[in-house]
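One structure is given here, and the rest of the page talks about it.
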Amino acid sequence: MSFKMSGLMSLMIIFSMKAQIAASGCSTQPQVPCYFIFGDSLSDDGNNNWLVTSAKANYSPYGIDFKGGVSSGRFTNNITIADVISQHLGFAQYIPSFTSAVASPEVDISYGVNYASGGAGILNETGYQLGGRYSLDEQLKFFNVTKLKLLLFKGSETREYLSQCLYTLDIGSNDYINNYFAPEGYTSRTKYTPEQYATVLINQYSQQIQEIASPERNSPSGARGDWVAGTRPSHRLGIEELGGMRGLKSEPVVVVSTICSLWAWVVVGVTLYYSGARKIAVFALGYVGCAPAEILLYGASSDTGCVDRINSAVLLFNAELLELVNQLNQNPNLTDAEFLYVDVNNVPLTSAEGFTVFNQSCCRVTGSDGMCDKDVEPCTNRNEYIFYDNFHPTYAVNVRTGPEAYKQILPLIS
């Protein structure tokens, strides 16, 4: 297919999506006009389905309790914590994955997009041994794609529209599971103490969060001058950066590449200004040292039943993340943005709530990747399990932590 024909295809896709956005509507009014989700497998709703990776969940028994029993790509038996939050926000449908939005013109993005990717981390190298995944840096690039698409549809209303949306970031667990405490393939544990590593992550995370929040960082009008000079800045719309969604194995890569080509032409030719995000919630990491996979690898403490040194390292990160949120709220360059620290680790998940199995997976796991064995029936008493596979929580957990997360987020959107 010629480059010119690719651009024509993109125009057809874009304008057909314009009609979809204009015609869409919810039966109830959500508390925010749109919800953008950044994260890892705890929030992934299918972004990894087309990737060549071991970190995907588009097969049975994942989704066994999802509507229609569909294995949608969510790493659990039903819906994720992000889905539960979207329900409480009043959205009539779940927030679509980015890959579904670019592959299917009928997908409505006006209510937000989910960029979360299983295996993703704050650091780009995190999870490389798993195969394809979209790191937080790549998710930020996809966010810029979405913003330009919305601008084409909403015009001058885009800036105010995006400033009213909710943005959540729930990422960092893989930087410990599939980097610092990975049994092989990484040098981070020999290079850094846990305290130093937490600081490395927070420094990177700070830049990434500000990439979302700062209008100046997200202004293609500034990018236009850089592009003309031949020095395109990071996280801007570009064919090489956005067209090659690393690890894709089939049709969506064609759609993404052609669409991004057209968007690159638009950005170069037009001076635009985007507002940064205004309502940003960042999640504390959970106690990943309690995951069955980590217990099998390192052994559990007799006192806690978890790998204490992993949880101790995670708590160092959480403490620095809380401090970062406080600093961002005091940043004079981000006075229009508000940041919130969300921590659901204190939600009770005990026998009093009906849980009876705390350190084993509900589904059968025989592989070293900690994922469910394909097409093998899981346990029937799923509501009694904390973990569905060797890493990810069951819906029974998500339906408890999700409402608490929403409760903590509520002041941000009220």
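In the structure tokens, the first chain shown is A, the next is B, and so on; residue numbers restart at 1 for each chain, and ligands run from 1 in the order shown.
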Near segment 197-211 of chain A, 12 Å: segment 69-141 of chain A residue rows, closest pairs, only C-alpha atoms, as a tab-separated table:
```
residue	atom	partner	partner_atom	distance
A:Gly121	CA	A:Leu201	CA	9.5
A:Ile122	CA	A:Tyr205	CA	6.3
A:Leu123	CA	A:Leu201	CA	7.2
A:Asn124	CA	A:Gln204	CA	10.2
A:Thr126	CA	A:Leu201	CA	11.1
A:Ser135	CA	A:Gln208	CA	11.1
A:Leu136	CA	A:Gln208	CA	7.7
A:Asp137	CA	A:Gln208	CA	7.1
A:Glu138	CA	A:Gln208	CA	10.5
A:Gln139	CA	A:Gln208	CA	10.1
A:Leu140	CA	A:Glu211	CA	7.7
A:Lys141	CA	A:Glu211	CA	10.0
```
All residues 10 Å or closer to Asn383 of chain A, only C-alpha atoms, same chain fewer than 3 positions away omitted, as a short mmCIF file (atom, residue, chain, number, x, y, z; two decimals) with N, CA, C and O atoms, in the first residue's frame:
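Final output, result.cif:
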```
data_model
loop_
_atom_site.label_atom_id
_atom_site.label_comp_id
_atom_site.auth_asym_id
_atom_site.auth_seq_id
_atom_site.Cartn_x
_atom_site.Cartn_y
_atom_site.Cartn_z
N GLU A 353 -14.11 -10.94 55.64
CA GLU A 353 -14.70 -10.55 54.36
C GLU A 353 -14.96 -11.75 53.47
O GLU A 353 -15.34 -11.59 52.30
N GLY A 354 -14.73 -12.95 53.99
CA GLY A 354 -15.03 -14.17 53.24
C GLY A 354 -13.84 -14.80 52.55
O GLY A 354 -13.98 -15.82 51.86
N PHE A 355 -12.65 -14.24 52.73
CA PHE A 355 -11.46 -14.81 52.09
C PHE A 355 -10.90 -15.94 52.94
O PHE A 355 -10.82 -15.84 54.17
N THR A 356 -10.51 -17.01 52.26
CA THR A 356 -9.96 -18.17 52.96
C THR A 356 -8.60 -18.60 52.41
O THR A 356 -7.87 -19.33 53.09
N VAL A 357 -8.27 -18.17 51.19
CA VAL A 357 -7.01 -18.57 50.55
C VAL A 357 -6.22 -17.30 50.22
O VAL A 357 -6.67 -16.49 49.41
N CYS A 362 -6.02 -19.06 42.25
CA CYS A 362 -7.29 -19.73 41.99
C CYS A 362 -7.18 -20.62 40.75
O CYS A 362 -7.72 -21.73 40.72
N CYS A 379 -10.58 -22.45 40.09
CA CYS A 379 -11.34 -22.85 41.27
C CYS A 379 -12.77 -22.33 41.17
O CYS A 379 -13.04 -21.35 40.48
N THR A 380 -13.67 -22.99 41.82
CA THR A 380 -15.08 -22.57 41.78
C THR A 380 -15.41 -21.55 42.85
O THR A 380 -16.33 -20.75 42.69
N ILE A 386 -7.62 -14.46 47.17
CA ILE A 386 -7.03 -13.14 46.96
C ILE A 386 -6.45 -13.06 45.55
O ILE A 386 -6.64 -12.08 44.84
N PHE A 387 -5.78 -14.12 45.13
CA PHE A 387 -5.07 -14.11 43.85
C PHE A 387 -5.75 -15.05 42.85
O PHE A 387 -6.09 -16.18 43.17
N TYR A 388 -5.91 -14.52 41.63
CA TYR A 388 -6.47 -15.36 40.56
C TYR A 388 -5.38 -16.20 39.91
O TYR A 388 -5.56 -17.40 39.70
N THR A 394 -8.12 -11.33 42.34
CA THR A 394 -9.43 -11.75 41.84
C THR A 394 -10.38 -10.55 41.80
O THR A 394 -10.11 -9.49 42.38
N TYR A 395 -11.48 -10.75 41.14
CA TYR A 395 -12.53 -9.73 41.13
C TYR A 395 -13.03 -9.47 42.55
O TYR A 395 -13.41 -8.33 42.89
N ALA A 396 -13.02 -10.49 43.39
CA ALA A 396 -13.46 -10.32 44.78
C ALA A 396 -12.62 -9.26 45.50
O ALA A 396 -13.12 -8.53 46.35
N VAL A 397 -11.35 -9.17 45.13
CA VAL A 397 -10.47 -8.13 45.68
C VAL A 397 -10.76 -6.79 45.01
O VAL A 397 -10.92 -5.76 45.68
#
```
Contacts of Gly370 of chain A at 10 Å or less, counting only C-alpha atoms, minus same-chain residues fewer than 2 places along, as a PyMOL selection string? chain A and resi 54-55+291-294+361+364-368+372-373+389-392
If you count only C-alpha atoms, which residues fall within 9 Å of Gly172 of chain A, apart from same-chain ones fewer than 2 positions away, as a list in words?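 Close residues of Gly172 of chain A: Gly39, Asp40, Ala120, Gly121, Ile122, Leu123, Asp170, Asn174, Asp175, Tyr176, Leu201, Ala284, Leu285 and Phe317 of chain A.
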Expected file: the selected residues, N, CA, C and O atoms, as a JSON list (two decimals), in the first residue's frame:
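Once written, part35.json looks like this:
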```json
[["chain", "number", "residue", "atom", "x", "y", "z"],
["A", 39, "GLY", "N", -1.09, 2.59, 33.37],
["A", 39, "GLY", "CA", -0.75, 1.58, 34.36],
["A", 39, "GLY", "C", -0.20, 0.30, 33.76],
["A", 39, "GLY", "O", 0.33, 0.27, 32.65],
["A", 40, "ASP", "N", -0.37, -0.76, 34.52],
["A", 40, "ASP", "CA", 0.16, -2.08, 34.15],
["A", 40, "ASP", "C", -0.98, -3.09, 34.10],
["A", 40, "ASP", "O", -2.12, -2.73, 33.84],
["A", 120, "ALA", "N", 4.29, -3.53, 32.02],
["A", 120, "ALA", "CA", 4.86, -2.19, 31.88],
["A", 120, "ALA", "C", 5.39, -1.67, 33.20],
["A", 120, "ALA", "O", 4.93, -2.04, 34.28],
["A", 121, "GLY", "N", 6.37, -0.77, 33.08],
["A", 121, "GLY", "CA", 6.94, -0.15, 34.25],
["A", 121, "GLY", "C", 7.20, 1.32, 34.06],
["A", 121, "GLY", "O", 7.01, 1.88, 32.97],
["A", 122, "ILE", "N", 7.65, 1.94, 35.12],
["A", 122, "ILE", "CA", 8.09, 3.33, 35.07],
["A", 122, "ILE", "C", 9.36, 3.42, 34.21],
["A", 122, "ILE", "O", 9.52, 4.35, 33.43],
["A", 123, "LEU", "N", 10.22, 2.44, 34.37],
["A", 123, "LEU", "CA", 11.44, 2.38, 33.57],
["A", 123, "LEU", "C", 11.17, 1.62, 32.28],
["A", 123, "LEU", "O", 10.46, 0.60, 32.28],
["A", 170, "ASP", "N", -1.43, 3.96, 37.95],
["A", 170, "ASP", "CA", -1.24, 2.84, 38.87],
["A", 170, "ASP", "C", -0.17, 1.94, 38.27],
["A", 170, "ASP", "O", -0.47, 0.99, 37.54],
["A", 174, "ASN", "N", 5.84, -3.68, 38.48],
["A", 174, "ASN", "CA", 6.76, -4.44, 37.63],
["A", 174, "ASN", "C", 8.20, -3.97, 37.76],
["A", 174, "ASN", "O", 9.12, -4.73, 37.47],
["A", 175, "ASP", "N", 8.39, -2.73, 38.16],
["A", 175, "ASP", "CA", 9.75, -2.24, 38.38],
["A", 175, "ASP", "C", 10.42, -2.97, 39.54],
["A", 175, "ASP", "O", 11.65, -2.94, 39.66],
["A", 176, "TYR", "N", 9.62, -3.63, 40.35],
["A", 176, "TYR", "CA", 10.16, -4.49, 41.41],
["A", 176, "TYR", "C", 10.09, -5.96, 41.01],
["A", 176, "TYR", "O", 11.10, -6.68, 41.04],
["A", 201, "LEU", "N", 13.34, 5.52, 40.64],
["A", 201, "LEU", "CA", 11.98, 5.39, 40.11],
["A", 201, "LEU", "C", 11.19, 6.69, 40.28],
["A", 201, "LEU", "O", 10.52, 7.14, 39.34],
["A", 284, "ALA", "N", -0.48, 4.24, 45.26],
["A", 284, "ALA", "CA", 0.58, 3.53, 45.97],
["A", 284, "ALA", "C", 0.66, 2.10, 45.46],
["A", 284, "ALA", "O", -0.34, 1.53, 45.01],
["A", 285, "LEU", "N", 1.85, 1.52, 45.52],
["A", 285, "LEU", "CA", 2.00, 0.13, 45.11],
["A", 285, "LEU", "C", 1.46, -0.79, 46.19],
["A", 285, "LEU", "O", 1.52, -0.49, 47.39],
["A", 317, "PHE", "N", 9.31, 3.11, 48.26],
["A", 317, "PHE", "CA", 8.78, 3.79, 47.07],
["A", 317, "PHE", "C", 7.52, 4.56, 47.43],
["A", 317, "PHE", "O", 7.36, 5.73, 47.03]]
```
Taking only C-alpha atoms into account, which of A:Lys67, A:Thr80, A:Glu125, A:Phe153 comes nearest Tyr180 of chain A? A:Glu125
Give me, as number ranges by chain, all polymer residues having an atom no more than 8 Å from Ala82 of chain A, counting only C-alpha atoms and skipping those fewer than 5 positions away in the same chain. A: 37, 42-43, 402
Any idea what's packed within 8 Å of Gln31 of chain A, counting only C-alpha atoms, ignoring anything in its chain fewer than 3 positions away? Could you give it as a CSV table (one decimal) with all heavy atoms, in the first residue's frame?
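Produced file around_23.csv, reproduced below:
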```
chain,number,residue,atom,x,y,z
A,89,LEU,N,-17.8,6.2,38.8
A,89,LEU,CA,-17.8,7.5,38.2
A,89,LEU,C,-19.0,7.8,37.4
A,89,LEU,O,-19.3,8.9,37.1
A,89,LEU,CB,-16.5,7.7,37.3
A,89,LEU,CG,-15.2,7.9,38.1
A,89,LEU,CD1,-14.1,7.8,37.1
A,89,LEU,CD2,-15.1,9.1,38.9
A,90,GLY,N,-19.8,6.7,37.1
A,90,GLY,CA,-21.0,6.9,36.3
A,90,GLY,C,-20.9,6.6,34.9
A,90,GLY,O,-21.9,6.9,34.1
A,413,ILE,N,-12.5,15.3,42.3
A,413,ILE,CA,-13.4,15.6,41.2
A,413,ILE,C,-14.7,16.3,41.7
A,413,ILE,O,-15.6,16.6,40.9
A,413,ILE,CB,-13.8,14.3,40.5
A,413,ILE,CG1,-14.5,13.3,41.4
A,413,ILE,CG2,-12.6,13.6,39.8
A,413,ILE,CD1,-15.0,12.0,40.8
```
For the helix (DSSP H, G or I) assignment from backbone DSSP, which residues of segment 257-362 of chain A qualify? Please present them as a PyMOL selection string. chain A and resi 257-269+288-290+292-298+308-329+332-334+351-353
Using only C-alpha atoms, determine which residues lie at most 10 Å from segment 70-72 of chain A, disregarding the query and same-chain residues fewer than 6 positions distant; provide the list as a VMD selection string. chain A and resid 44 to 47 49 56 to 64 78 to 79
What is the distance between atom CA of Leu166 of chain A and atom CA of Tyr35 of chain A, in Å to one decimal?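 About the pair atom CA of Leu166 of chain A and atom CA of Tyr35 of chain A: they are 4.8 Å apart.
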